[in-house]
Structures are given as C-alpha cells and as structure tokens.
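Visitor: Below is the file model-v8.pdb, which contains PDB, C-alpha atoms.
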ATOM      1  CA  MET A   1     133.713  98.266  96.979  1.00  0.00           C
ATOM      2  CA  SER A   2     132.245 101.655  97.717  1.00  0.00           C
ATOM      3  CA  ILE A   3     129.780 103.372 100.018  1.00  0.00           C
ATOM      4  CA  GLU A   4     129.832 106.243  97.557  1.00  0.00           C
ATOM      5  CA  GLY A   5     129.549 105.989  93.788  1.00  0.00           C
ATOM      6  CA  LYS A   6     126.543 106.454  91.559  1.00  0.00           C
ATOM      7  CA  ILE A   7     123.829 103.852  91.078  1.00  0.00           C
ATOM      8  CA  TYR A   8     122.733 103.015  87.537  1.00  0.00           C
ATOM      9  CA  VAL A   9     119.610 100.916  87.032  1.00  0.00           C
ATOM     10  CA  VAL A  10     119.849  98.359  84.210  1.00  0.00           C
ATOM     11  CA  ILE A  11     116.700  96.930  82.601  1.00  0.00           C
ATOM     12  CA  ALA A  12     116.404  94.702  79.530  1.00  0.00           C
ATOM     13  CA  GLY A  13     113.616  93.246  77.450  1.00  0.00           C
ATOM     14  CA  ASN A  14     112.226  92.596  74.010  1.00  0.00           C
ATOM     15  CA  LYS A  15     109.068  93.688  72.193  1.00  0.00           C
ATOM     16  CA  ARG A  16     106.974  91.082  73.982  1.00  0.00           C
ATOM     17  CA  PHE A  17     107.894  92.542  77.378  1.00  0.00           C
ATOM     18  CA  LYS A  18     107.669  96.198  76.295  1.00  0.00           C
ATOM     19  CA  PRO A  19     104.750  97.116  78.631  1.00  0.00           C
ATOM     20  CA  TYR A  20     106.755  95.864  81.616  1.00  0.00           C
ATOM     21  CA  VAL A  21     110.002  97.470  80.461  1.00  0.00           C
ATOM     22  CA  ASP A  22     108.233 100.801  79.948  1.00  0.00           C
ATOM     23  CA  TYR A  23     106.756 100.663  83.440  1.00  0.00           C
ATOM     24  CA  ALA A  24     110.040  99.627  85.077  1.00  0.00           C
ATOM     25  CA  VAL A  25     111.914 102.430  83.304  1.00  0.00           C
ATOM     26  CA  LYS A  26     109.266 104.913  84.437  1.00  0.00           C
ATOM     27  CA  SER A  27     109.546 103.729  88.049  1.00  0.00           C
ATOM     28  CA  SER A  28     113.333 104.163  87.916  1.00  0.00           C
ATOM     29  CA  ALA A  29     112.991 107.697  86.558  1.00  0.00           C
ATOM     30  CA  ILE A  30     110.454 108.642  89.234  1.00  0.00           C
ATOM     31  CA  ALA A  31     112.872 107.357  91.898  1.00  0.00           C
ATOM     32  CA  GLY A  32     115.556 109.585  90.356  1.00  0.00           C
ATOM     33  CA  TYR A  33     117.971 107.014  88.934  1.00  0.00           C
ATOM     34  CA  THR A  34     119.786 107.003  85.602  1.00  0.00           C
ATOM     35  CA  THR A  35     118.538 103.991  83.660  1.00  0.00           C
ATOM     36  CA  LYS A  36     120.403 101.955  81.054  1.00  0.00           C
ATOM     37  CA  VAL A  37     117.975 100.043  78.830  1.00  0.00           C
ATOM     38  CA  TYR A  38     118.975  97.059  76.688  1.00  0.00           C
ATOM     39  CA  ASP A  39     116.862  96.094  73.680  1.00  0.00           C
ATOM     40  CA  LEU A  40     116.799  92.308  73.339  1.00  0.00           C
ATOM     41  CA  GLY A  41     114.691  92.417  70.188  1.00  0.00           C
ATOM     42  CA  ASP A  42     112.402  95.069  68.648  1.00  0.00           C
ATOM     43  CA  LEU A  43     111.854  96.911  71.931  1.00  0.00           C
ATOM     44  CA  GLY A  44     112.215 100.148  69.995  1.00  0.00           C
ATOM     45  CA  TYR A  45     114.640 101.950  72.267  1.00  0.00           C
ATOM     46  CA  GLY A  46     117.746 101.374  74.344  1.00  0.00           C
ATOM     47  CA  MET A  47     121.029  99.657  73.491  1.00  0.00           C
ATOM     48  CA  PRO A  48     120.483  96.853  70.942  1.00  0.00           C
ATOM     49  CA  PHE A  49     121.861  93.649  72.426  1.00  0.00           C
ATOM     50  CA  LYS A  50     121.962  90.135  71.031  1.00  0.00           C
ATOM     51  CA  GLY A  51     121.898  87.618  73.824  1.00  0.00           C
ATOM     52  CA  LYS A  52     120.457  84.275  74.851  1.00  0.00           C
ATOM     53  CA  VAL A  53     116.896  84.585  76.139  1.00  0.00           C
ATOM     54  CA  GLY A  54     114.575  81.678  76.902  1.00  0.00           C
ATOM     55  CA  ASN A  55     111.195  81.644  75.143  1.00  0.00           C
ATOM     56  CA  GLU A  56     109.444  79.164  77.390  1.00  0.00           C
ATOM     57  CA  ARG A  57     107.122  80.171  80.225  1.00  0.00           C
ATOM     58  CA  ASN A  58     109.004  81.378  83.322  1.00  0.00           C
ATOM     59  CA  ALA A  59     112.239  81.499  81.284  1.00  0.00           C
ATOM     60  CA  LYS A  60     115.301  83.141  82.756  1.00  0.00           C
ATOM     61  CA  ILE A  61     117.778  85.380  80.939  1.00  0.00           C
ATOM     62  CA  PRO A  62     121.113  83.588  80.415  1.00  0.00           C
ATOM     63  CA  CYS A  63     122.503  86.780  78.850  1.00  0.00           C
ATOM     64  CA  LYS A  64     121.868  88.751  82.068  1.00  0.00           C
ATOM     65  CA  PRO A  65     125.519  88.670  83.254  1.00  0.00           C
ATOM     66  CA  GLU A  66     126.649  89.731  79.766  1.00  0.00           C
ATOM     67  CA  ILE A  67     124.364  92.758  79.919  1.00  0.00           C
ATOM     68  CA  ILE A  68     125.585  93.665  83.405  1.00  0.00           C
ATOM     69  CA  GLN A  69     129.158  93.212  82.174  1.00  0.00           C
ATOM     70  CA  HIS A  70     128.540  95.520  79.208  1.00  0.00           C
ATOM     71  CA  ALA A  71     126.875  98.165  81.391  1.00  0.00           C
ATOM     72  CA  MET A  72     129.715  97.985  83.909  1.00  0.00           C
ATOM     73  CA  LYS A  73     132.207  98.962  81.206  1.00  0.00           C
ATOM     74  CA  THR A  74     130.351 102.274  80.832  1.00  0.00           C
ATOM     75  CA  ILE A  75     130.603 103.343  84.494  1.00  0.00           C
ATOM     76  CA  ALA A  76     133.420 104.488  86.762  1.00  0.00           C
ATOM     77  CA  PRO A  77     135.195 102.301  89.348  1.00  0.00           C
ATOM     78  CA  GLY A  78     133.206 102.325  92.573  1.00  0.00           C
ATOM     79  CA  ASP A  79     129.909 102.999  90.797  1.00  0.00           C
ATOM     80  CA  TRP A  80     127.029 100.555  91.028  1.00  0.00           C
ATOM     81  CA  ILE A  81     124.796  98.597  88.674  1.00  0.00           C
ATOM     82  CA  ALA A  82     121.351  97.688  89.992  1.00  0.00           C
ATOM     83  CA  TRP A  83     119.936  95.012  87.716  1.00  0.00           C
ATOM     84  CA  CYS A  84     116.129  95.104  87.688  1.00  0.00           C
ATOM     85  CA  ASP A  85     114.114  92.413  85.902  1.00  0.00           C
ATOM     86  CA  ALA A  86     111.612  93.946  83.488  1.00  0.00           C
ATOM     87  CA  ASP A  87     108.694  92.633  85.559  1.00  0.00           C
ATOM     88  CA  ALA A  88     109.970  94.338  88.730  1.00  0.00           C
ATOM     89  CA  VAL A  89     109.038  97.865  89.813  1.00  0.00           C
ATOM     90  CA  ILE A  90     111.053 100.333  91.905  1.00  0.00           C
ATOM     91  CA  LYS A  91     108.884 101.770  94.678  1.00  0.00           C
ATOM     92  CA  LYS A  92     111.428 103.801  96.675  1.00  0.00           C
ATOM     93  CA  ARG A  93     115.044 104.932  96.513  1.00  0.00           C
ATOM     94  CA  PHE A  94     117.540 102.341  97.683  1.00  0.00           C
ATOM     95  CA  ASP A  95     120.833 104.230  98.040  1.00  0.00           C
ATOM     96  CA  GLU A  96     121.515 102.402 101.305  1.00  0.00           C
ATOM     97  CA  ILE A  97     122.509  99.281  99.351  1.00  0.00           C
ATOM     98  CA  LYS A  98     125.924 100.816  98.667  1.00  0.00           C
ATOM     99  CA  GLY A  99     128.550  99.279 100.917  1.00  0.00           C
ATOM    100  CA  MET A 100     131.853  97.492 101.286  1.00  0.00           C
ATOM    101  CA  TYR A 101     131.085  94.496  99.124  1.00  0.00           C
ATOM    102  CA  ASP A 102     131.243  93.442  95.465  1.00  0.00           C
ATOM    103  CA  ILE A 103     127.843  91.894  94.757  1.00  0.00           C
ATOM    104  CA  GLY A 104     124.505  92.113  96.515  1.00  0.00           C
ATOM    105  CA  VAL A 105     121.914  89.360  96.047  1.00  0.00           C
ATOM    106  CA  THR A 106     118.386  88.973  97.358  1.00  0.00           C
ATOM    107  CA  MET A 107     117.456  85.876  99.336  1.00  0.00           C
ATOM    108  CA  ARG A 108     114.046  84.330  99.861  1.00  0.00           C
ATOM    109  CA  GLN A 109     112.496  84.289 103.311  1.00  0.00           C
ATOM    110  CA  PRO A 110     113.618  81.422 105.583  1.00  0.00           C
ATOM    111  CA  LYS A 111     110.183  79.793 105.279  1.00  0.00           C
ATOM    112  CA  ALA A 112     110.510  79.515 101.493  1.00  0.00           C
ATOM    113  CA  SER A 113     109.990  76.111  99.909  1.00  0.00           C
ATOM    114  CA  PRO A 114     113.027  73.824 100.270  1.00  0.00           C
ATOM    115  CA  HIS A 115     112.797  73.340  96.495  1.00  0.00           C
ATOM    116  CA  ASP A 116     113.377  77.060  95.828  1.00  0.00           C
ATOM    117  CA  MET A 117     116.867  78.320  95.091  1.00  0.00           C
ATOM    118  CA  PRO A 118     117.915  80.706  97.913  1.00  0.00           C
ATOM    119  CA  ILE A 119     118.806  83.581  95.575  1.00  0.00           C
ATOM    120  CA  ASN A 120     116.181  85.159  93.344  1.00  0.00           C
ATOM    121  CA  ALA A 121     118.182  86.890  90.605  1.00  0.00           C
ATOM    122  CA  GLY A 122     115.465  89.390  89.683  1.00  0.00           C
ATOM    123  CA  ILE A 123     117.354  92.129  91.539  1.00  0.00           C
ATOM    124  CA  VAL A 124     121.160  92.135  91.722  1.00  0.00           C
ATOM    125  CA  PHE A 125     123.498  94.916  92.928  1.00  0.00           C
ATOM    126  CA  CYS A 126     127.051  95.043  91.517  1.00  0.00           C
ATOM    127  CA  CYS A 127     129.869  97.423  92.411  1.00  0.00           C
ATOM    128  CA  LYS A 128     132.519  98.015  89.754  1.00  0.00           C
ATOM    129  CA  THR A 129     135.527  96.350  91.368  1.00  0.00           C
ATOM    130  CA  PRO A 130     138.215  94.029  89.948  1.00  0.00           C
ATOM    131  CA  LYS A 131     136.720  91.082  91.859  1.00  0.00           C
ATOM    132  CA  MET A 132     133.242  91.822  90.550  1.00  0.00           C
ATOM    133  CA  GLU A 133     134.535  92.021  86.994  1.00  0.00           C
ATOM    134  CA  ALA A 134     136.251  88.640  87.424  1.00  0.00           C
ATOM    135  CA  PHE A 135     133.055  87.196  88.909  1.00  0.00           C
ATOM    136  CA  LEU A 136     131.076  88.406  85.898  1.00  0.00           C
ATOM    137  CA  GLU A 137     133.519  86.681  83.557  1.00  0.00           C
ATOM    138  CA  GLU A 138     132.780  83.359  85.267  1.00  0.00           C
ATOM    139  CA  TRP A 139     129.027  83.985  85.435  1.00  0.00           C
ATOM    140  CA  VAL A 140     129.007  84.798  81.712  1.00  0.00           C
ATOM    141  CA  ARG A 141     131.101  81.727  80.872  1.00  0.00           C
ATOM    142  CA  ARG A 142     128.833  79.330  82.740  1.00  0.00           C
ATOM    143  CA  CYS A 143     125.630  80.890  81.367  1.00  0.00           C
ATOM    144  CA  GLN A 144     126.781  80.258  77.817  1.00  0.00           C
ATOM    145  CA  GLU A 145     126.030  76.590  78.412  1.00  0.00           C
ATOM    146  CA  ALA A 146     123.014  77.037  80.700  1.00  0.00           C
ATOM    147  CA  ASP A 147     119.348  78.015  80.430  1.00  0.00           C
ATOM    148  CA  SER A 148     119.074  79.939  83.687  1.00  0.00           C
ATOM    149  CA  ASP A 149     121.141  82.868  84.931  1.00  0.00           C
ATOM    150  CA  GLN A 150     119.561  82.310  88.345  1.00  0.00           C
ATOM    151  CA  ALA A 151     120.592  78.676  88.658  1.00  0.00           C
ATOM    152  CA  VAL A 152     124.172  79.562  87.719  1.00  0.00           C
ATOM    153  CA  LEU A 153     124.259  82.456  90.206  1.00  0.00           C
ATOM    154  CA  ASN A 154     123.085  80.107  92.959  1.00  0.00           C
ATOM    155  CA  SER A 155     125.835  77.643  92.061  1.00  0.00           C
ATOM    156  CA  LEU A 156     128.478  80.382  92.117  1.00  0.00           C
ATOM    157  CA  ILE A 157     127.278  81.720  95.480  1.00  0.00           C
ATOM    158  CA  PRO A 158     126.060  78.671  97.452  1.00  0.00           C
ATOM    159  CA  LEU A 159     124.051  80.222 100.275  1.00  0.00           C
ATOM    160  CA  THR A 160     122.098  78.615 103.069  1.00  0.00           C
ATOM    161  CA  GLN A 161     119.464  80.111 105.363  1.00  0.00           C
ATOM    162  CA  LYS A 162     122.122  80.943 107.965  1.00  0.00           C
ATOM    163  CA  ASP A 163     123.387  83.582 105.506  1.00  0.00           C
ATOM    164  CA  TYR A 164     120.035  85.433 105.460  1.00  0.00           C
ATOM    165  CA  ASN A 165     120.557  89.218 105.696  1.00  0.00           C
ATOM    166  CA  LYS A 166     124.317  88.910 106.305  1.00  0.00           C
ATOM    167  CA  MET A 167     127.694  89.574 104.693  1.00  0.00           C
ATOM    168  CA  VAL A 168     129.287  86.488 103.164  1.00  0.00           C
ATOM    169  CA  TYR A 169     132.783  86.057 101.731  1.00  0.00           C
ATOM    170  CA  ASN A 170     132.648  83.752  98.729  1.00  0.00           C
ATOM    171  CA  LYS A 171     135.892  81.870  98.132  1.00  0.00           C
ATOM    172  CA  GLU A 172     135.548  80.775  94.503  1.00  0.00           C
ATOM    173  CA  PRO A 173     135.012  83.053  92.674  1.00  0.00           C
ATOM    174  CA  GLU A 174     136.338  85.396  95.356  1.00  0.00           C
ATOM    175  CA  VAL A 175     133.840  88.170  96.095  1.00  0.00           C
ATOM    176  CA  ALA A 176     132.330  89.871  99.111  1.00  0.00           C
ATOM    177  CA  VAL A 177     128.596  89.219  99.016  1.00  0.00           C
ATOM    178  CA  ARG A 178     125.892  91.190 100.789  1.00  0.00           C
ATOM    179  CA  VAL A 179     122.810  89.039 101.223  1.00  0.00           C
ATOM    180  CA  TRP A 180     119.757  91.299 101.194  1.00  0.00           C
ATOM    181  CA  LYS A 181     116.246  90.176 102.056  1.00  0.00           C
ATOM    182  CA  CYS A 182     113.816  89.617  99.184  1.00  0.00           C
ATOM    183  CA  TRP A 183     111.267  90.941 101.678  1.00  0.00           C
ATOM    184  CA  ASP A 184     112.785  94.432 101.281  1.00  0.00           C
ATOM    185  CA  TYR A 185     114.532  94.519  97.906  1.00  0.00           C
ATOM    186  CA  ASN A 186     112.806  91.917  95.709  1.00  0.00           C
ATOM    187  CA  ASN A 187     109.370  91.457  97.187  1.00  0.00           C
ATOM    188  CA  PHE A 188     106.956  88.935  95.706  1.00  0.00           C
ATOM    189  CA  TYR A 189     105.052  88.207  98.923  1.00  0.00           C
ATOM    190  CA  PHE A 190     101.680  89.563  97.848  1.00  0.00           C
ATOM    191  CA  LYS A 191      99.740  88.169 100.798  1.00  0.00           C
ATOM    192  CA  LYS A 192     101.572  90.521 103.151  1.00  0.00           C
ATOM    193  CA  ASN A 193     101.889  94.297 103.549  1.00  0.00           C
ATOM    194  CA  GLN A 194     104.337  95.660 100.970  1.00  0.00           C
ATOM    195  CA  SER A 195     104.383  99.320 102.026  1.00  0.00           C
ATOM    196  CA  HIS A 196     108.020  99.044 103.167  1.00  0.00           C
ATOM    197  CA  CYS A 197     109.321  97.541  99.901  1.00  0.00           C
ATOM    198  CA  LYS A 198     111.956  99.133  97.698  1.00  0.00           C
ATOM    199  CA  PHE A 199     111.238  96.743  94.794  1.00  0.00           C
ATOM    200  CA  ILE A 200     108.124  94.702  94.016  1.00  0.00           C
ATOM    201  CA  HIS A 201     108.650  91.800  91.626  1.00  0.00           C
ATOM    202  CA  TYR A 202     105.678  90.602  89.592  1.00  0.00           C
ATOM    203  CA  LYS A 203     107.389  87.372  88.629  1.00  0.00           C
ATOM    204  CA  SER A 204     105.810  84.497  86.683  1.00  0.00           C
ATOM    205  CA  LYS A 205     102.543  83.525  88.412  1.00  0.00           C
ATOM    206  CA  PHE A 206     102.121  87.030  89.866  1.00  0.00           C
ATOM    207  CA  ARG A 207     102.227  88.910  86.559  1.00  0.00           C
ATOM    208  CA  TRP A 208      98.456  89.228  86.553  1.00  0.00           C
ATOM    209  CA  ARG A 209      98.955  91.685  89.429  1.00  0.00           C
ATOM    210  CA  HIS A 210     101.266  93.963  87.404  1.00  0.00           C
ATOM    211  CA  PRO A 211     100.104  97.635  87.387  1.00  0.00           C
ATOM    212  CA  THR A 212      99.933  97.685  83.589  1.00  0.00           C
ATOM    213  CA  GLY A 213      97.193  95.067  83.629  1.00  0.00           C
ATOM    214  CA  GLU A 214      99.197  93.086  81.071  1.00  0.00           C
ATOM    215  CA  ILE A 215      99.659  89.343  81.518  1.00  0.00           C
ATOM    216  CA  ILE A 216     102.782  88.277  79.651  1.00  0.00           C
ATOM    217  CA  GLU A 217     103.868  84.654  79.837  1.00  0.00           C
TER     218      GLU A 217
END
Have the structure of the file written as structure tokens, please.

Guide:
Amino acid sequence: MSIEGKIYVVIAGNKRFKPYVDYAVKSSAIAGYTTKVYDLGDLGYGMPFKGKVGNERNAKIPCKPEIIQHAMKTIAPGDWIAWCDADAVIKKRFDEIKGMYDIGVTMRQPKASPHDMPINAGIVFCCKTPKMEAFLEEWVRRCQEADSDQAVLNSLIPLTQKDYNKMVYNKEPEVAVRVWKCWDYNNFYFKKNQSHCKFIHYKSKFRWRHPTGEIIE
C-alpha cells in the first residue's frame, strides 16, 4: 500500500482493436503517464503476450490478471498499475487514486440494473504489495478455467451497493479494496455530463461513440 509510488498505465489489445489501443495509448501519454502496452496478436508494437482472449461480441479478457501480474513484476514495491481497457480513454490525471489499499475497483451506480455485476473491470488499480501479488495468483488461477475476467473479479470481491465509494477489507483472498465510483473513474453514462470524468469507457454498445469513429465488435 502506498500514497506515493509511480503509476504505470497498462493497455492490451490485438490487431483488431488497434485503433482503440492507439487512441488509449495517446490519451495516457497526453496525461503524462508511462504506458506499458501488451500485444495480444499482430498489434505491431508493445510486449508480445500469448493469453486467452474471447472472440465473441462483448468478450472479456481472461488473460487480464496475467498481464497485470507480468507488468507488476517490472515495477518497484509501492508502485501502481492502472489497467485500462483498450476501449477506454484517459481524460484527466488520476494521481489521487493512490492510497492505503491493495486493489481499487470501479463500481456501477446504485441505480444500475440488478442483473449487472457491481464491479466493471474495465479500469482496475493495483498497488505492488505482497497481498496484491497473492490476489493476482488466485485471479489468474480462476481465469484459466473461465471466460470472463470480470465475473471472476466479482466473485473474488463480492460487493454490494452498501460498499459504493468506500474502503472494504476482503477476507479471502485478503486484500484492502478501495471501491471507486464508475461515475468518476470508469464512466459509461453517456446520457449525463461527463466533464468531471477521469476515464470514459466506450464499452460494447457504446463503441459507436468512440472518438476514432471505429465500431469494433
């Protein structure tokens, strides 16, 4: 846990998602962050990485925790990894996310559909701590037999709406969790003013709004 440390943005994608990856990397550079890019197949730049990626529409990235785990091995204790889905864009600096916790997740607004999982895993903040490294081991292990990194993350950190915008201490695996609002750090609420947002996420049905003009399913 650290209120200091350096933040590294981690973005991954393959050739199909290259327009989004390029734009996300550019947004990270403009915000002033060091970016670690992972090439999941013919992207043309970044760290080549072989991992499980779903091909179906709205697919998640089961290899996400493996990528975070790999990136974490390249940083110093107390530094931070900010995972950013390729279809998300950084709008402003977010240094204030550093704090005395191991993992930061973004939670949907309380009025979200009861069928939605509380955590949207498009943006995840991880501090290099022993507990975070142990958590990643379990997340990786469970994703090896799953199709969704997000579903597994929600099972590992079972939140309810009472945890919205709070600190939570997860017992198994044992980690301190900071629950951030999607409204601020993983915003996909396009019917409302987004001028305050640190990240805007053009997920699935909202990809037609992406600044590149590309619609990738």

Visitor: Quick one: which residues end up in the PyMOL selection byres ((chain A and resi 15) around 10) for this structure, as a list in words?

Guide: Gly13, Asn14, Arg16, Phe17, Lys18, Pro19, Tyr20, Val21, Asp39, Leu40, Gly41, Asp42, Leu43, Gly44 and Tyr45 of chain A

Visitor: Would you output that residue set with C-alpha atoms, as an mmCIF file, keeping the file's coordinate frame?

Guide:
data_model
loop_
_atom_site.group_PDB
_atom_site.id
_atom_site.type_symbol
_atom_site.label_atom_id
_atom_site.label_comp_id
_atom_site.auth_asym_id
_atom_site.auth_seq_id
_atom_site.Cartn_x
_atom_site.Cartn_y
_atom_site.Cartn_z
ATOM 1 C CA GLY A 13 113.616 93.246 77.450
ATOM 2 C CA ASN A 14 112.226 92.596 74.010
ATOM 3 C CA ARG A 16 106.974 91.082 73.982
ATOM 4 C CA PHE A 17 107.894 92.542 77.378
ATOM 5 C CA LYS A 18 107.669 96.198 76.295
ATOM 6 C CA PRO A 19 104.750 97.116 78.631
ATOM 7 C CA TYR A 20 106.755 95.864 81.616
ATOM 8 C CA VAL A 21 110.002 97.470 80.461
ATOM 9 C CA ASP A 39 116.862 96.094 73.680
ATOM 10 C CA LEU A 40 116.799 92.308 73.339
ATOM 11 C CA GLY A 41 114.691 92.417 70.188
ATOM 12 C CA ASP A 42 112.402 95.069 68.648
ATOM 13 C CA LEU A 43 111.854 96.911 71.931
ATOM 14 C CA GLY A 44 112.215 100.148 69.995
ATOM 15 C CA TYR A 45 114.640 101.950 72.267
#

Visitor: Mind pulling up the distance from atom CA of A:Thr212 to atom CA of A:Pro65?

Guide: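 Going from atom CA of A:Pro65 over to atom CA of A:Thr212 covers 27.1 Å.
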
Visitor: Convert the output of the PyMOL selection byres ((chain A and resi 184) around 12) on the shown file into explicit residues, formatted as JSON, numbers by chain.

Guide: {"A": [90, 91, 92, 93, 94, 96, 97, 105, 106, 107, 108, 109, 123, 165, 179, 180, 181, 182, 183, 185, 186, 187, 188, 189, 193, 194, 195, 196, 197, 198, 199, 200, 201]}

Visitor: So which residues get picked by the PyMOL selection byres ((chain A and resi 60) around 12) here, written as a tab-separated table (two decimals) with C-alpha atoms, in the coordinates of the input?

Guide:
chain	number	residue	atom	x	y	z
A	13	GLY	CA	113.62	93.25	77.45
A	51	GLY	CA	121.90	87.62	73.82
A	52	LYS	CA	120.46	84.28	74.85
A	53	VAL	CA	116.90	84.58	76.14
A	54	GLY	CA	114.58	81.68	76.90
A	55	ASN	CA	111.20	81.64	75.14
A	56	GLU	CA	109.44	79.16	77.39
A	57	ARG	CA	107.12	80.17	80.22
A	58	ASN	CA	109.00	81.38	83.32
A	59	ALA	CA	112.24	81.50	81.28
A	61	ILE	CA	117.78	85.38	80.94
A	62	PRO	CA	121.11	83.59	80.42
A	63	CYS	CA	122.50	86.78	78.85
A	64	LYS	CA	121.87	88.75	82.07
A	65	PRO	CA	125.52	88.67	83.25
A	85	ASP	CA	114.11	92.41	85.90
A	86	ALA	CA	111.61	93.95	83.49
A	87	ASP	CA	108.69	92.63	85.56
A	120	ASN	CA	116.18	85.16	93.34
A	121	ALA	CA	118.18	86.89	90.60
A	122	GLY	CA	115.46	89.39	89.68
A	143	CYS	CA	125.63	80.89	81.37
A	146	ALA	CA	123.01	77.04	80.70
A	147	ASP	CA	119.35	78.02	80.43
A	148	SER	CA	119.07	79.94	83.69
A	149	ASP	CA	121.14	82.87	84.93
A	150	GLN	CA	119.56	82.31	88.34
A	151	ALA	CA	120.59	78.68	88.66
A	152	VAL	CA	124.17	79.56	87.72
A	153	LEU	CA	124.26	82.46	90.21
A	203	LYS	CA	107.39	87.37	88.63
A	204	SER	CA	105.81	84.50	86.68
A	217	GLU	CA	103.87	84.65	79.84

Visitor: Pick the closest to A:Met72 from A:Met132, A:Val168, A:Ala29, A:Cys84: which is it, counting only C-alpha atoms?

Guide: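 The answer is A:Met132, which sits nearest to A:Met72.
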
Visitor: When you draw a straight line from atom CA of A:Ile157 to atom CA of A:Glu4, how long is it in Å?

Guide: 24.7 Å

Visitor: Report the distance between atom CA of A:Tyr169 and atom CA of A:Lys131 in Å, rounded to one decimal place.

Guide: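 We find that atom CA of A:Tyr169 and atom CA of A:Lys131 lie 11.8 Å from each other.
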
Visitor: Ranking A:Ala112, A:Cys127, A:Val175, A:Ala88 by minimum distance to A:Arg207 and counting only C-alpha atoms, which one comes first?

Guide: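 Of the candidates, the smallest distance to A:Arg207 is held by A:Ala88.
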
Visitor: What lies within 12 Å of A:His70 using only C-alpha atoms, ignoring chain neighbours under 3 positions off, as a ChimeraX atom specification?

Guide: /A:10,36-38,47-51,63-67,73-75,81,128,133,136-137,140

Visitor: Can you write out the residues you just picked, keeping C-alpha atoms, as a PDB file, in the frame of the given file?

Guide:
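As written to disk, result-v5.pdb reads:
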ATOM      1  CA  VAL A  10     119.849  98.359  84.210  1.00  0.00           C
ATOM      2  CA  LYS A  36     120.403 101.955  81.054  1.00  0.00           C
ATOM      3  CA  VAL A  37     117.975 100.043  78.830  1.00  0.00           C
ATOM      4  CA  TYR A  38     118.975  97.059  76.688  1.00  0.00           C
ATOM      5  CA  MET A  47     121.029  99.657  73.491  1.00  0.00           C
ATOM      6  CA  PRO A  48     120.483  96.853  70.942  1.00  0.00           C
ATOM      7  CA  PHE A  49     121.861  93.649  72.426  1.00  0.00           C
ATOM      8  CA  LYS A  50     121.962  90.135  71.031  1.00  0.00           C
ATOM      9  CA  GLY A  51     121.898  87.618  73.824  1.00  0.00           C
ATOM     10  CA  CYS A  63     122.503  86.780  78.850  1.00  0.00           C
ATOM     11  CA  LYS A  64     121.868  88.751  82.068  1.00  0.00           C
ATOM     12  CA  PRO A  65     125.519  88.670  83.254  1.00  0.00           C
ATOM     13  CA  GLU A  66     126.649  89.731  79.766  1.00  0.00           C
ATOM     14  CA  ILE A  67     124.364  92.758  79.919  1.00  0.00           C
ATOM     15  CA  LYS A  73     132.207  98.962  81.206  1.00  0.00           C
ATOM     16  CA  THR A  74     130.351 102.274  80.832  1.00  0.00           C
ATOM     17  CA  ILE A  75     130.603 103.343  84.494  1.00  0.00           C
ATOM     18  CA  ILE A  81     124.796  98.597  88.674  1.00  0.00           C
ATOM     19  CA  LYS A 128     132.519  98.015  89.754  1.00  0.00           C
ATOM     20  CA  GLU A 133     134.535  92.021  86.994  1.00  0.00           C
ATOM     21  CA  LEU A 136     131.076  88.406  85.898  1.00  0.00           C
ATOM     22  CA  GLU A 137     133.519  86.681  83.557  1.00  0.00           C
ATOM     23  CA  VAL A 140     129.007  84.798  81.712  1.00  0.00           C
TER      24      VAL A 140
END

Visitor: Find the residues near A:Tyr8: any atom within 8 Å, counting all atoms listed in the file, skip ones fewer than 6 places away on the same chain, and give them as a PyMOL selection string.

Guide: chain A and resi 33-36+79-82

Visitor: Given all atoms listed in the file as the basis, pick out the residue of A:Lys26, A:Lys192, A:Lys6, A:Lys205 nearest to A:Asp95.

Guide: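 Once distances to A:Asp95 are computed over all atoms listed in the file, the minimum belongs to A:Lys6.
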